[in-house]
file coords_31.pdb (PDB, C-alpha atoms and all ligand atoms)
ATOM      1  CA  MET A   1     -44.990  26.211 -14.801  1.00  0.00           C
ATOM      2  CA  SER A   2     -46.365  28.902 -12.437  1.00  0.00           C
ATOM      3  CA  ALA A   3     -46.780  28.195  -8.726  1.00  0.00           C
ATOM      4  CA  THR A   4     -50.530  28.850  -8.876  1.00  0.00           C
ATOM      5  CA  LYS A   5     -51.187  25.834 -11.118  1.00  0.00           C
ATOM      6  CA  THR A   6     -52.172  22.483  -9.629  1.00  0.00           C
ATOM      7  CA  VAL A   7     -49.290  20.068  -9.806  1.00  0.00           C
ATOM      8  CA  PRO A   8     -50.033  16.433  -8.966  1.00  0.00           C
ATOM      9  CA  ARG A   9     -48.266  15.356  -5.807  1.00  0.00           C
ATOM     10  CA  HIS A  10     -47.879  11.812  -7.121  1.00  0.00           C
ATOM     11  CA  ILE A  11     -47.646  10.764 -10.784  1.00  0.00           C
ATOM     12  CA  ALA A  12     -47.703   7.085 -11.800  1.00  0.00           C
ATOM     13  CA  ILE A  13     -46.750   5.985 -15.306  1.00  0.00           C
ATOM     14  CA  ILE A  14     -47.381   2.854 -17.366  1.00  0.00           C
ATOM     15  CA  MET A  15     -44.421   3.123 -19.740  1.00  0.00           C
ATOM     16  CA  ASP A  16     -45.757   1.293 -22.768  1.00  0.00           C
ATOM     17  CA  GLY A  17     -44.623   1.086 -26.391  1.00  0.00           C
ATOM     18  CA  ASN A  18     -40.882   0.335 -26.257  1.00  0.00           C
ATOM     19  CA  GLY A  19     -41.350  -2.735 -28.440  1.00  0.00           C
ATOM     20  CA  ARG A  20     -43.426  -0.858 -31.033  1.00  0.00           C
ATOM     21  CA  TRP A  21     -40.919   1.985 -31.090  1.00  0.00           C
ATOM     22  CA  ALA A  22     -38.159  -0.508 -31.965  1.00  0.00           C
ATOM     23  CA  LYS A  23     -40.316  -2.402 -34.475  1.00  0.00           C
ATOM     24  CA  GLN A  24     -41.147   0.808 -36.358  1.00  0.00           C
ATOM     25  CA  ARG A  25     -37.416   1.263 -36.862  1.00  0.00           C
ATOM     26  CA  GLY A  26     -36.613  -2.370 -37.689  1.00  0.00           C
ATOM     27  CA  LEU A  27     -34.606  -2.646 -34.454  1.00  0.00           C
ATOM     28  CA  PRO A  28     -34.581  -5.430 -31.824  1.00  0.00           C
ATOM     29  CA  ARG A  29     -37.002  -4.873 -28.923  1.00  0.00           C
ATOM     30  CA  ILE A  30     -34.176  -4.313 -26.451  1.00  0.00           C
ATOM     31  CA  LYS A  31     -33.199  -1.165 -28.368  1.00  0.00           C
ATOM     32  CA  GLY A  32     -36.679   0.134 -27.556  1.00  0.00           C
ATOM     33  CA  HIS A  33     -36.121  -0.613 -23.880  1.00  0.00           C
ATOM     34  CA  GLU A  34     -32.736   1.149 -23.989  1.00  0.00           C
ATOM     35  CA  GLU A  35     -34.398   4.198 -25.476  1.00  0.00           C
ATOM     36  CA  GLY A  36     -37.138   3.792 -22.835  1.00  0.00           C
ATOM     37  CA  ALA A  37     -34.470   4.036 -20.134  1.00  0.00           C
ATOM     38  CA  LYS A  38     -33.481   7.443 -21.570  1.00  0.00           C
ATOM     39  CA  ALA A  39     -37.115   8.522 -21.289  1.00  0.00           C
ATOM     40  CA  VAL A  40     -37.074   7.397 -17.624  1.00  0.00           C
ATOM     41  CA  ARG A  41     -34.172   9.771 -17.023  1.00  0.00           C
ATOM     42  CA  GLU A  42     -35.889  12.642 -18.840  1.00  0.00           C
ATOM     43  CA  CYS A  43     -39.192  12.127 -17.052  1.00  0.00           C
ATOM     44  CA  THR A  44     -37.543  11.897 -13.626  1.00  0.00           C
ATOM     45  CA  GLU A  45     -35.779  15.176 -14.309  1.00  0.00           C
ATOM     46  CA  GLY A  46     -39.053  16.713 -15.546  1.00  0.00           C
ATOM     47  CA  CYS A  47     -40.920  15.655 -12.402  1.00  0.00           C
ATOM     48  CA  GLY A  48     -38.155  17.130 -10.245  1.00  0.00           C
ATOM     49  CA  GLU A  49     -38.415  20.427 -12.109  1.00  0.00           C
ATOM     50  CA  LEU A  50     -42.216  20.483 -11.778  1.00  0.00           C
ATOM     51  CA  LYS A  51     -41.865  19.834  -8.022  1.00  0.00           C
ATOM     52  CA  VAL A  52     -43.805  16.594  -8.123  1.00  0.00           C
ATOM     53  CA  ASP A  53     -43.191  14.714  -4.845  1.00  0.00           C
ATOM     54  CA  PHE A  54     -43.594  11.088  -6.000  1.00  0.00           C
ATOM     55  CA  LEU A  55     -43.139   9.375  -9.369  1.00  0.00           C
ATOM     56  CA  THR A  56     -43.999   5.671  -9.658  1.00  0.00           C
ATOM     57  CA  LEU A  57     -42.882   3.882 -12.821  1.00  0.00           C
ATOM     58  CA  TYR A  58     -44.181   0.480 -13.930  1.00  0.00           C
ATOM     59  CA  ALA A  59     -40.765  -0.854 -14.936  1.00  0.00           C
ATOM     60  CA  PHE A  60     -41.413  -4.621 -14.844  1.00  0.00           C
ATOM     61  CA  SER A  61     -44.737  -6.297 -14.172  1.00  0.00           C
ATOM     62  CA  ALA A  62     -45.364  -9.661 -12.529  1.00  0.00           C
ATOM     63  CA  GLU A  63     -46.618 -10.764 -15.962  1.00  0.00           C
ATOM     64  CA  ASN A  64     -43.456  -9.590 -17.789  1.00  0.00           C
ATOM     65  CA  TRP A  65     -41.651 -12.752 -16.590  1.00  0.00           C
ATOM     66  CA  ARG A  66     -43.627 -14.542 -19.334  1.00  0.00           C
ATOM     67  CA  ARG A  67     -41.677 -12.718 -22.064  1.00  0.00           C
ATOM     68  CA  PRO A  68     -38.925 -14.576 -23.955  1.00  0.00           C
ATOM     69  CA  LYS A  69     -35.990 -15.376 -21.652  1.00  0.00           C
ATOM     70  CA  ALA A  70     -33.576 -13.246 -23.683  1.00  0.00           C
ATOM     71  CA  GLU A  71     -35.788 -10.146 -23.336  1.00  0.00           C
ATOM     72  CA  VAL A  72     -36.261 -10.674 -19.591  1.00  0.00           C
ATOM     73  CA  PHE A  73     -32.498 -11.123 -19.179  1.00  0.00           C
ATOM     74  CA  ALA A  74     -31.785  -7.993 -21.227  1.00  0.00           C
ATOM     75  CA  LEU A  75     -34.316  -5.955 -19.202  1.00  0.00           C
ATOM     76  CA  MET A  76     -32.731  -7.073 -15.923  1.00  0.00           C
ATOM     77  CA  ARG A  77     -29.254  -6.182 -17.226  1.00  0.00           C
ATOM     78  CA  LEU A  78     -30.571  -2.810 -18.376  1.00  0.00           C
ATOM     79  CA  LEU A  79     -32.138  -2.130 -14.975  1.00  0.00           C
ATOM     80  CA  GLU A  80     -28.888  -2.961 -13.187  1.00  0.00           C
ATOM     81  CA  LYS A  81     -26.815  -0.839 -15.580  1.00  0.00           C
ATOM     82  CA  PHE A  82     -29.265   2.058 -15.319  1.00  0.00           C
ATOM     83  CA  LEU A  83     -29.138   2.009 -11.522  1.00  0.00           C
ATOM     84  CA  LYS A  84     -25.354   1.776 -11.431  1.00  0.00           C
ATOM     85  CA  GLU A  85     -24.833   4.580 -13.929  1.00  0.00           C
ATOM     86  CA  LYS A  86     -27.609   6.905 -12.776  1.00  0.00           C
ATOM     87  CA  THR A  87     -27.204   6.762  -9.004  1.00  0.00           C
ATOM     88  CA  PRO A  88     -24.673   9.655  -8.969  1.00  0.00           C
ATOM     89  CA  GLU A  89     -27.176  11.693 -10.975  1.00  0.00           C
ATOM     90  CA  LEU A  90     -30.004  10.800  -8.585  1.00  0.00           C
ATOM     91  CA  LEU A  91     -27.796  12.017  -5.752  1.00  0.00           C
ATOM     92  CA  GLU A  92     -26.957  15.215  -7.568  1.00  0.00           C
ATOM     93  CA  LYS A  93     -30.646  15.874  -8.334  1.00  0.00           C
ATOM     94  CA  ASN A  94     -31.726  15.073  -4.749  1.00  0.00           C
ATOM     95  CA  VAL A  95     -33.905  12.125  -5.894  1.00  0.00           C
ATOM     96  CA  ARG A  96     -34.708   9.371  -3.375  1.00  0.00           C
ATOM     97  CA  LEU A  97     -35.038   5.953  -4.989  1.00  0.00           C
ATOM     98  CA  GLN A  98     -37.564   3.390  -3.719  1.00  0.00           C
ATOM     99  CA  ALA A  99     -39.009   0.164  -5.145  1.00  0.00           C
ATOM    100  CA  ILE A 100     -42.238  -1.805  -4.818  1.00  0.00           C
ATOM    101  CA  GLY A 101     -43.131  -5.329  -5.915  1.00  0.00           C
ATOM    102  CA  ARG A 102     -41.896  -8.842  -5.183  1.00  0.00           C
ATOM    103  CA  LEU A 103     -38.289  -7.670  -5.276  1.00  0.00           C
ATOM    104  CA  THR A 104     -36.868 -11.034  -4.199  1.00  0.00           C
ATOM    105  CA  ASP A 105     -37.943 -12.396  -7.624  1.00  0.00           C
ATOM    106  CA  LEU A 106     -35.234 -10.252  -9.265  1.00  0.00           C
ATOM    107  CA  PRO A 107     -31.812 -11.738 -10.083  1.00  0.00           C
ATOM    108  CA  GLY A 108     -29.413 -11.430  -7.135  1.00  0.00           C
ATOM    109  CA  SER A 109     -27.098  -8.884  -8.757  1.00  0.00           C
ATOM    110  CA  ALA A 110     -30.015  -6.620  -9.748  1.00  0.00           C
ATOM    111  CA  GLN A 111     -31.385  -6.847  -6.185  1.00  0.00           C
ATOM    112  CA  LYS A 112     -27.984  -5.913  -4.753  1.00  0.00           C
ATOM    113  CA  GLN A 113     -27.603  -2.916  -7.048  1.00  0.00           C
ATOM    114  CA  LEU A 114     -31.176  -1.837  -6.318  1.00  0.00           C
ATOM    115  CA  HIS A 115     -30.581  -1.919  -2.572  1.00  0.00           C
ATOM    116  CA  ARG A 116     -27.252  -0.104  -2.977  1.00  0.00           C
ATOM    117  CA  SER A 117     -28.982   2.683  -4.944  1.00  0.00           C
ATOM    118  CA  ILE A 118     -31.876   2.859  -2.469  1.00  0.00           C
ATOM    119  CA  GLU A 119     -29.459   3.147   0.439  1.00  0.00           C
ATOM    120  CA  ALA A 120     -27.250   5.694  -1.313  1.00  0.00           C
ATOM    121  CA  THR A 121     -30.205   7.995  -2.000  1.00  0.00           C
ATOM    122  CA  ALA A 122     -32.122   7.390   1.248  1.00  0.00           C
ATOM    123  CA  LYS A 123     -31.375  10.821   2.721  1.00  0.00           C
ATOM    124  CA  ASN A 124     -32.454  12.805  -0.349  1.00  0.00           C
ATOM    125  CA  ASP A 125     -35.574  14.865   0.213  1.00  0.00           C
ATOM    126  CA  GLY A 126     -36.546  15.935  -3.312  1.00  0.00           C
ATOM    127  CA  LEU A 127     -38.535  13.736  -5.692  1.00  0.00           C
ATOM    128  CA  THR A 128     -39.172  10.135  -4.589  1.00  0.00           C
ATOM    129  CA  LEU A 129     -38.768   7.842  -7.602  1.00  0.00           C
ATOM    130  CA  ILE A 130     -40.510   4.514  -7.019  1.00  0.00           C
ATOM    131  CA  LEU A 131     -39.766   1.657  -9.416  1.00  0.00           C
ATOM    132  CA  ALA A 132     -42.462  -1.026  -9.623  1.00  0.00           C
ATOM    133  CA  LEU A 133     -40.498  -4.234 -10.245  1.00  0.00           C
ATOM    134  CA  SER A 134     -41.971  -7.711 -10.499  1.00  0.00           C
ATOM    135  CA  TYR A 135     -45.065  -5.789  -9.469  1.00  0.00           C
ATOM    136  CA  GLY A 136     -48.651  -6.980  -9.782  1.00  0.00           C
ATOM    137  CA  GLY A 137     -51.619  -5.146  -8.279  1.00  0.00           C
ATOM    138  CA  ARG A 138     -53.443  -8.356  -7.448  1.00  0.00           C
ATOM    139  CA  ASP A 139     -50.293  -9.883  -5.880  1.00  0.00           C
ATOM    140  CA  GLU A 140     -49.956  -6.740  -3.786  1.00  0.00           C
ATOM    141  CA  ILE A 141     -53.530  -7.063  -2.506  1.00  0.00           C
ATOM    142  CA  ILE A 142     -52.994 -10.761  -1.694  1.00  0.00           C
ATOM    143  CA  ASP A 143     -49.732  -9.934   0.114  1.00  0.00           C
ATOM    144  CA  GLY A 144     -51.597  -7.179   1.984  1.00  0.00           C
ATOM    145  CA  ILE A 145     -54.320  -9.606   3.107  1.00  0.00           C
ATOM    146  CA  LYS A 146     -51.686 -12.076   4.328  1.00  0.00           C
ATOM    147  CA  SER A 147     -49.917  -9.318   6.232  1.00  0.00           C
ATOM    148  CA  LEU A 148     -53.202  -8.222   7.847  1.00  0.00           C
ATOM    149  CA  LEU A 149     -54.076 -11.811   8.805  1.00  0.00           C
ATOM    150  CA  ARG A 150     -50.660 -12.194  10.447  1.00  0.00           C
ATOM    151  CA  ALA A 151     -51.220  -9.006  12.443  1.00  0.00           C
ATOM    152  CA  VAL A 152     -54.635 -10.339  13.574  1.00  0.00           C
ATOM    153  CA  GLU A 153     -53.147 -13.745  14.509  1.00  0.00           C
ATOM    154  CA  LEU A 154     -50.394 -12.084  16.532  1.00  0.00           C
ATOM    155  CA  GLY A 155     -53.029 -10.019  18.321  1.00  0.00           C
ATOM    156  CA  HIS A 156     -51.576  -6.709  17.056  1.00  0.00           C
ATOM    157  CA  ILE A 157     -54.938  -5.692  15.637  1.00  0.00           C
ATOM    158  CA  ASP A 158     -58.551  -6.689  16.113  1.00  0.00           C
ATOM    159  CA  LYS A 159     -60.313  -7.642  12.879  1.00  0.00           C
ATOM    160  CA  ALA A 160     -63.135  -5.237  13.724  1.00  0.00           C
ATOM    161  CA  MET A 161     -60.577  -2.428  13.275  1.00  0.00           C
ATOM    162  CA  ILE A 162     -59.861  -3.251   9.623  1.00  0.00           C
ATOM    163  CA  ASP A 163     -60.835  -0.392   7.342  1.00  0.00           C
ATOM    164  CA  VAL A 164     -59.545   1.251   4.140  1.00  0.00           C
ATOM    165  CA  GLU A 165     -56.866   3.209   5.957  1.00  0.00           C
ATOM    166  CA  MET A 166     -55.564   0.206   7.853  1.00  0.00           C
ATOM    167  CA  PHE A 167     -55.502  -2.020   4.771  1.00  0.00           C
ATOM    168  CA  SER A 168     -53.557   0.668   2.890  1.00  0.00           C
ATOM    169  CA  LYS A 169     -50.883   0.380   5.593  1.00  0.00           C
ATOM    170  CA  HIS A 170     -50.335  -3.277   4.628  1.00  0.00           C
ATOM    171  CA  LEU A 171     -49.648  -2.587   0.955  1.00  0.00           C
ATOM    172  CA  TYR A 172     -46.228  -2.081  -0.685  1.00  0.00           C
ATOM    173  CA  THR A 173     -47.185   1.581  -1.081  1.00  0.00           C
ATOM    174  CA  ARG A 174     -47.827   2.154   2.631  1.00  0.00           C
ATOM    175  CA  TYR A 175     -45.371   5.076   2.779  1.00  0.00           C
ATOM    176  CA  TYR A 176     -46.715   6.981  -0.237  1.00  0.00           C
ATOM    177  CA  PRO A 177     -49.905   8.909  -1.001  1.00  0.00           C
ATOM    178  CA  ASP A 178     -52.190   7.525  -3.739  1.00  0.00           C
ATOM    179  CA  PRO A 179     -51.330   8.745  -7.251  1.00  0.00           C
ATOM    180  CA  ASP A 180     -53.167  11.879  -8.375  1.00  0.00           C
ATOM    181  CA  LEU A 181     -52.403  11.295 -12.038  1.00  0.00           C
ATOM    182  CA  LEU A 182     -51.811   8.058 -13.950  1.00  0.00           C
ATOM    183  CA  ILE A 183     -50.232   8.425 -17.383  1.00  0.00           C
ATOM    184  CA  ARG A 184     -50.205   5.591 -19.905  1.00  0.00           C
ATOM    185  CA  THR A 185     -48.281   5.885 -23.146  1.00  0.00           C
ATOM    186  CA  SER A 186     -48.928   4.193 -26.500  1.00  0.00           C
ATOM    187  CA  GLY A 187     -52.705   4.564 -26.449  1.00  0.00           C
ATOM    188  CA  GLU A 188     -53.821   1.451 -24.595  1.00  0.00           C
ATOM    189  CA  MET A 189     -56.811   2.068 -22.279  1.00  0.00           C
ATOM    190  CA  ARG A 190     -55.971  -0.451 -19.576  1.00  0.00           C
ATOM    191  CA  LEU A 191     -54.609  -0.538 -16.030  1.00  0.00           C
ATOM    192  CA  SER A 192     -52.739  -3.798 -16.700  1.00  0.00           C
ATOM    193  CA  ASN A 193     -52.665  -4.814 -13.028  1.00  0.00           C
ATOM    194  CA  PHE A 194     -50.943  -1.575 -11.933  1.00  0.00           C
ATOM    195  CA  LEU A 195     -51.784   0.025  -8.554  1.00  0.00           C
ATOM    196  CA  LEU A 196     -55.331  -1.386  -8.583  1.00  0.00           C
ATOM    197  CA  TRP A 197     -56.154  -0.339  -5.017  1.00  0.00           C
ATOM    198  CA  GLN A 198     -54.392   3.031  -5.139  1.00  0.00           C
ATOM    199  CA  THR A 199     -55.957   4.375  -8.355  1.00  0.00           C
ATOM    200  CA  SER A 200     -59.579   4.495  -7.128  1.00  0.00           C
ATOM    201  CA  TYR A 201     -59.714   8.292  -7.539  1.00  0.00           C
ATOM    202  CA  THR A 202     -56.689   8.852  -9.759  1.00  0.00           C
ATOM    203  CA  GLU A 203     -57.093  10.960 -12.908  1.00  0.00           C
ATOM    204  CA  LEU A 204     -56.232   8.930 -16.007  1.00  0.00           C
ATOM    205  CA  TYR A 205     -54.314  10.365 -18.965  1.00  0.00           C
ATOM    206  CA  VAL A 206     -53.609   8.249 -22.055  1.00  0.00           C
ATOM    207  CA  THR A 207     -51.364   9.509 -24.831  1.00  0.00           C
ATOM    208  CA  PRO A 208     -50.718   7.823 -28.196  1.00  0.00           C
ATOM    209  CA  LYS A 209     -47.004   8.687 -27.879  1.00  0.00           C
ATOM    210  CA  LEU A 210     -44.778   5.634 -27.460  1.00  0.00           C
ATOM    211  CA  TRP A 211     -42.768   5.674 -24.222  1.00  0.00           C
ATOM    212  CA  PRO A 212     -39.341   6.382 -25.826  1.00  0.00           C
ATOM    213  CA  ASP A 213     -40.910   9.447 -27.492  1.00  0.00           C
ATOM    214  CA  PHE A 214     -42.404  10.784 -24.237  1.00  0.00           C
ATOM    215  CA  LYS A 215     -40.496  13.998 -23.473  1.00  0.00           C
ATOM    216  CA  LYS A 216     -40.607  16.724 -20.817  1.00  0.00           C
ATOM    217  CA  LYS A 217     -43.083  18.730 -22.876  1.00  0.00           C
ATOM    218  CA  ASP A 218     -45.430  15.706 -23.021  1.00  0.00           C
ATOM    219  CA  LEU A 219     -45.183  15.418 -19.250  1.00  0.00           C
ATOM    220  CA  ALA A 220     -45.949  19.133 -18.901  1.00  0.00           C
ATOM    221  CA  GLU A 221     -49.007  18.677 -21.178  1.00  0.00           C
ATOM    222  CA  ALA A 222     -50.310  15.826 -19.021  1.00  0.00           C
ATOM    223  CA  VAL A 223     -49.813  17.932 -15.891  1.00  0.00           C
ATOM    224  CA  GLU A 224     -51.634  20.878 -17.495  1.00  0.00           C
ATOM    225  CA  GLU A 225     -54.545  18.636 -18.437  1.00  0.00           C
ATOM    226  CA  PHE A 226     -54.589  17.381 -14.836  1.00  0.00           C
ATOM    227  CA  GLY A 227     -54.849  20.988 -13.682  1.00  0.00           C
ATOM    228  CA  ARG A 228     -58.048  21.373 -15.738  1.00  0.00           C
ATOM    229  CA  ARG A 229     -59.747  18.318 -14.234  1.00  0.00           C
ATOM    230  CA  GLN A 230     -62.253  18.652 -11.409  1.00  0.00           C
ATOM    231  CA  ARG A 231     -61.758  15.967  -8.815  1.00  0.00           C
ATOM    232  CA  ARG A 232     -64.911  15.204  -6.867  1.00  0.00           C
ATOM    233  CA  TYR A 233     -64.058  11.901  -5.143  1.00  0.00           C
ATOM    234  CA  GLY A 234     -67.672  10.761  -5.515  1.00  0.00           C
ATOM    235  CA  GLY A 235     -69.043  14.066  -4.142  1.00  0.00           C
ATOM    236  CA  VAL A 236     -70.642  16.886  -6.141  1.00  0.00           C
TER     237      VAL A 236
HETATM  238  C1  LIG B   1     -43.391  -1.680 -22.130  1.00  0.00           C
HETATM  239  O1  LIG B   1     -43.069  -1.688 -23.485  1.00  0.00           O
HETATM  240  C2  LIG B   1     -42.230  -1.529 -21.295  1.00  0.00           C
HETATM  241  C3  LIG B   1     -41.715  -2.481 -20.459  1.00  0.00           C
HETATM  242  C4  LIG B   1     -42.275  -3.822 -20.309  1.00  0.00           C
HETATM  243  C5  LIG B   1     -40.545  -2.256 -19.642  1.00  0.00           C
HETATM  244  C6  LIG B   1     -40.276  -0.847 -19.234  1.00  0.00           C
HETATM  245  C7  LIG B   1     -38.820  -0.678 -19.222  1.00  0.00           C
HETATM  246  C8  LIG B   1     -38.152   0.461 -19.510  1.00  0.00           C
HETATM  247  C9  LIG B   1     -38.823   1.732 -19.772  1.00  0.00           C
HETATM  248  C10 LIG B   1     -36.682   0.510 -19.609  1.00  0.00           C
HETATM  249  C11 LIG B   1     -35.933   0.174 -18.396  1.00  0.00           C
HETATM  250  C12 LIG B   1     -36.456   0.770 -17.157  1.00  0.00           C
HETATM  251  C13 LIG B   1     -35.685   1.289 -16.204  1.00  0.00           C
HETATM  252  C14 LIG B   1     -36.260   1.760 -14.938  1.00  0.00           C
HETATM  253  C15 LIG B   1     -34.238   1.414 -16.409  1.00  0.00           C
HETATM  254  P1  LIG B   1     -43.436  -2.974 -24.328  1.00  0.00           P
HETATM  255  O2  LIG B   1     -42.212  -3.801 -24.442  1.00  0.00           O
HETATM  256  O3  LIG B   1     -44.606  -3.677 -23.741  1.00  0.00           O
HETATM  257  O4  LIG B   1     -43.824  -2.305 -25.704  1.00  0.00           O
HETATM  258  P2  LIG B   1     -44.849  -2.864 -26.768  1.00  0.00           P
HETATM  259  O5  LIG B   1     -46.197  -2.946 -26.103  1.00  0.00           O
HETATM  260  O6  LIG B   1     -44.804  -1.831 -27.840  1.00  0.00           O
HETATM  261  O7  LIG B   1     -44.325  -4.200 -27.212  1.00  0.00           O
END
call {"tool": "encode", "arguments": {"input": "coords_31.pdb", "output": "structure tokens"}}
result
Amino acid sequence: MSATKTVPRHIAIIMDGNGRWAKQRGLPRIKGHEEGAKAVRECTEGCGELKVDFLTLYAFSAENWRRPKAEVFALMRLLEKFLKEKTPELLEKNVRLQAIGRLTDLPGSAQKQLHRSIEATAKNDGLTLILALSYGGRDEIIDGIKSLLRAVELGHIDKAMIDVEMFSKHLYTRYYPDPDLLIRTSGEMRLSNFLLWQTSYTELYVTPKLWPDFKKKDLAEAVEEFGRRQRRYGGV
């Protein structure tokens, strides 16, 4: 990709379709998630190569806890294994790992591994890979309101000072810019409670490809399409 093209600074992805991918092949759903983890690796590498600064992946939603226990357990094991195995590669590729969501909901061993990987990669200054885990957009807004109320009660801020910018500083995403491009795989036209506040002016890109089939060239296509969009932010 040439330097003159517009590359999104922050890409967010709803990685959908692992279950369908497995079903099409007569495989158990977890096989789809395992293949999805390979796509996570490929897409992270692709974003690094395209010089994207931030990549946020919807890896486990607040609602995903409602899935059968065995699938939830398998997803948590897969997350832990992925982090353990891929941390050396994240280090090698200069990727900084971060996470958003109600992380204390995760099983203890997954939390420990997550924090180990975050710490290990903290000094990297290439791509920031943000995993949304036990993440819900509405939960995040509620947590943000509680955090603001606490700051008001403690006298740190006056409620007359509350505006969009200040509220953004009380969200899980306080350290990151809003996504420029949101990609959703497997054709569904929904936000599914992902980054509700942050996507106000984000360009949406939906592809029928199932997540395990989403390759670097599909990422490049989405980025090219983004480059053709005119962003007006409500102006003319
Ligand atoms: C959606 O597919 C995907 C998920 C709920 C989980 C995403 C998990 C991964 C990509 C693998 C592990 C992630 C990491 C970071 C190691 P679905 O199960 O809803 O698919 P379906 O709609 O076709 O059933």
call {"tool": "resolve_selection", "arguments": {"input": "coords_31.pdb", "expression": "the PyMOL selection byres (((not hetatm)) within 7 of (chain B and resi 1))", "output": "list in words"}}
result
Met15, Asp16, Gly17, Asn18, Gly19, Arg20, Trp21, Arg29, His33, Glu34, Gly36, Ala37, Val40, Tyr58, Ala59, Phe60, Asn64, Leu75, Leu78, Leu79, Phe82 and Leu131 of chain A
call {"tool": "closest_atom_pairs", "arguments": {"input": "coords_31.pdb", "of": "region 15-84 of chain A", "to": "region 99-102 of chain A", "cutoff": "12 Å", "atoms": "only C-alpha atoms", "output": "CSV"}}
result
residue,atom,partner,partner_atom,distance
A:Phe54,CA,A:Ala99,CA,11.9
A:Leu55,CA,A:Ala99,CA,10.9
A:Thr56,CA,A:Ala99,CA,8.7
A:Leu57,CA,A:Ala99,CA,9.4
A:Tyr58,CA,A:Ile100,CA,9.6
A:Ala59,CA,A:Ala99,CA,10.0
A:Phe60,CA,A:Gly101,CA,9.1
A:Ser61,CA,A:Gly101,CA,8.5
A:Ala62,CA,A:Arg102,CA,8.2
A:Glu63,CA,A:Arg102,CA,11.9
A:Leu83,CA,A:Ala99,CA,11.9
call {"tool": "closest_residue", "arguments": {"input": "coords_31.pdb", "among": "A:Leu171, A:Cys47, A:Val223, A:Val95", "to": "Ile145 (chain A)", "atoms": "all atoms listed in the file"}}
result
A:Leu171
call {"tool": "closest_residue", "arguments": {"input": "coords_31.pdb", "among": "A:Ile30, A:Ile183, A:Ala22, A:Leu195", "to": "Thr207 (chain A)", "atoms": "only C-alpha atoms"}}
result
A:Ile183
call {"tool": "residues_around", "arguments": {"input": "coords_31.pdb", "residues": "Gln111 (chain A)", "least_positions_apart": "4", "cutoff": "12 Å", "atoms": "only C-alpha atoms", "output": "JSON, numbers by chain"}}
result
{"A": [76, 77, 79, 80, 83, 84, 99, 101, 102, 103, 104, 105, 106, 107, 115, 116, 117, 118, 133, 134]}
call {"tool": "residues_near_point", "arguments": {"input": "coords_31.pdb", "point": "(-51.6, 4.6, -24.7)", "cutoff": "9 Å", "atoms": "all atoms listed in the file", "output": "mmCIF file with C-alpha atoms, in the coordinates of the input"}}
result
data_model
loop_
_atom_site.group_PDB
_atom_site.id
_atom_site.type_symbol
_atom_site.label_atom_id
_atom_site.label_comp_id
_atom_site.auth_asym_id
_atom_site.auth_seq_id
_atom_site.Cartn_x
_atom_site.Cartn_y
_atom_site.Cartn_z
ATOM 1 C CA ILE A 14 -47.381 2.854 -17.366
ATOM 2 C CA MET A 15 -44.421 3.123 -19.740
ATOM 3 C CA ASP A 16 -45.757 1.293 -22.768
ATOM 4 C CA GLY A 17 -44.623 1.086 -26.391
ATOM 5 C CA ILE A 183 -50.232 8.425 -17.383
ATOM 6 C CA ARG A 184 -50.205 5.591 -19.905
ATOM 7 C CA THR A 185 -48.281 5.885 -23.146
ATOM 8 C CA SER A 186 -48.928 4.193 -26.500
ATOM 9 C CA GLY A 187 -52.705 4.564 -26.449
ATOM 10 C CA GLU A 188 -53.821 1.451 -24.595
ATOM 11 C CA MET A 189 -56.811 2.068 -22.279
ATOM 12 C CA ARG A 190 -55.971 -0.451 -19.576
ATOM 13 C CA TYR A 205 -54.314 10.365 -18.965
ATOM 14 C CA VAL A 206 -53.609 8.249 -22.055
ATOM 15 C CA THR A 207 -51.364 9.509 -24.831
ATOM 16 C CA PRO A 208 -50.718 7.823 -28.196
ATOM 17 C CA LYS A 209 -47.004 8.687 -27.879
ATOM 18 C CA LEU A 210 -44.778 5.634 -27.460
ATOM 19 C CA TRP A 211 -42.768 5.674 -24.222
#
call {"tool": "atom_distance", "arguments": {"input": "coords_31.pdb", "atom1": "CA of Glu224 (chain A)", "atom2": "CA of Ala39 (chain A)"}}
result
19.4 Å
call {"tool": "resolve_selection", "arguments": {"input": "coords_31.pdb", "expression": "the PyMOL selection byres (((chain A and resi 173) around 12) and not hetatm)", "output": "ChimeraX atom specification"}}
result
/A:10,54,56,98-101,130-132,135,137,140-141,143-144,167-172,174-179,194-199
call {"tool": "atom_distance", "arguments": {"input": "coords_31.pdb", "atom1": "CA of Gly32 (chain A)", "atom2": "CA of Gly108 (chain A)"}}
result
24.6 Å
call {"tool": "residues_around", "arguments": {"input": "coords_31.pdb", "residues": "Pro8 (chain A)", "least_positions_apart": "4", "cutoff": "7 Å", "atoms": "all atoms listed in the file", "output": "PyMOL selection string"}}
result
chain A and resi 52+180-181
call {"tool": "atom_distance", "arguments": {"input": "coords_31.pdb", "atom1": "CA of Cys43 (chain A)", "atom2": "CA of Gln113 (chain A)"}}
result
21.5 Å
call {"tool": "axis_aligned_box", "arguments": {"input": "coords_31.pdb", "around": "region 54-72 of chain A", "padding_each_side": "6 Å", "output": "JSON"}}
result
{"center_x": -40.1, "center_y": -2.1, "center_z": -15.0, "size_x": 25.0, "size_y": 38.5, "size_z": 30.0}
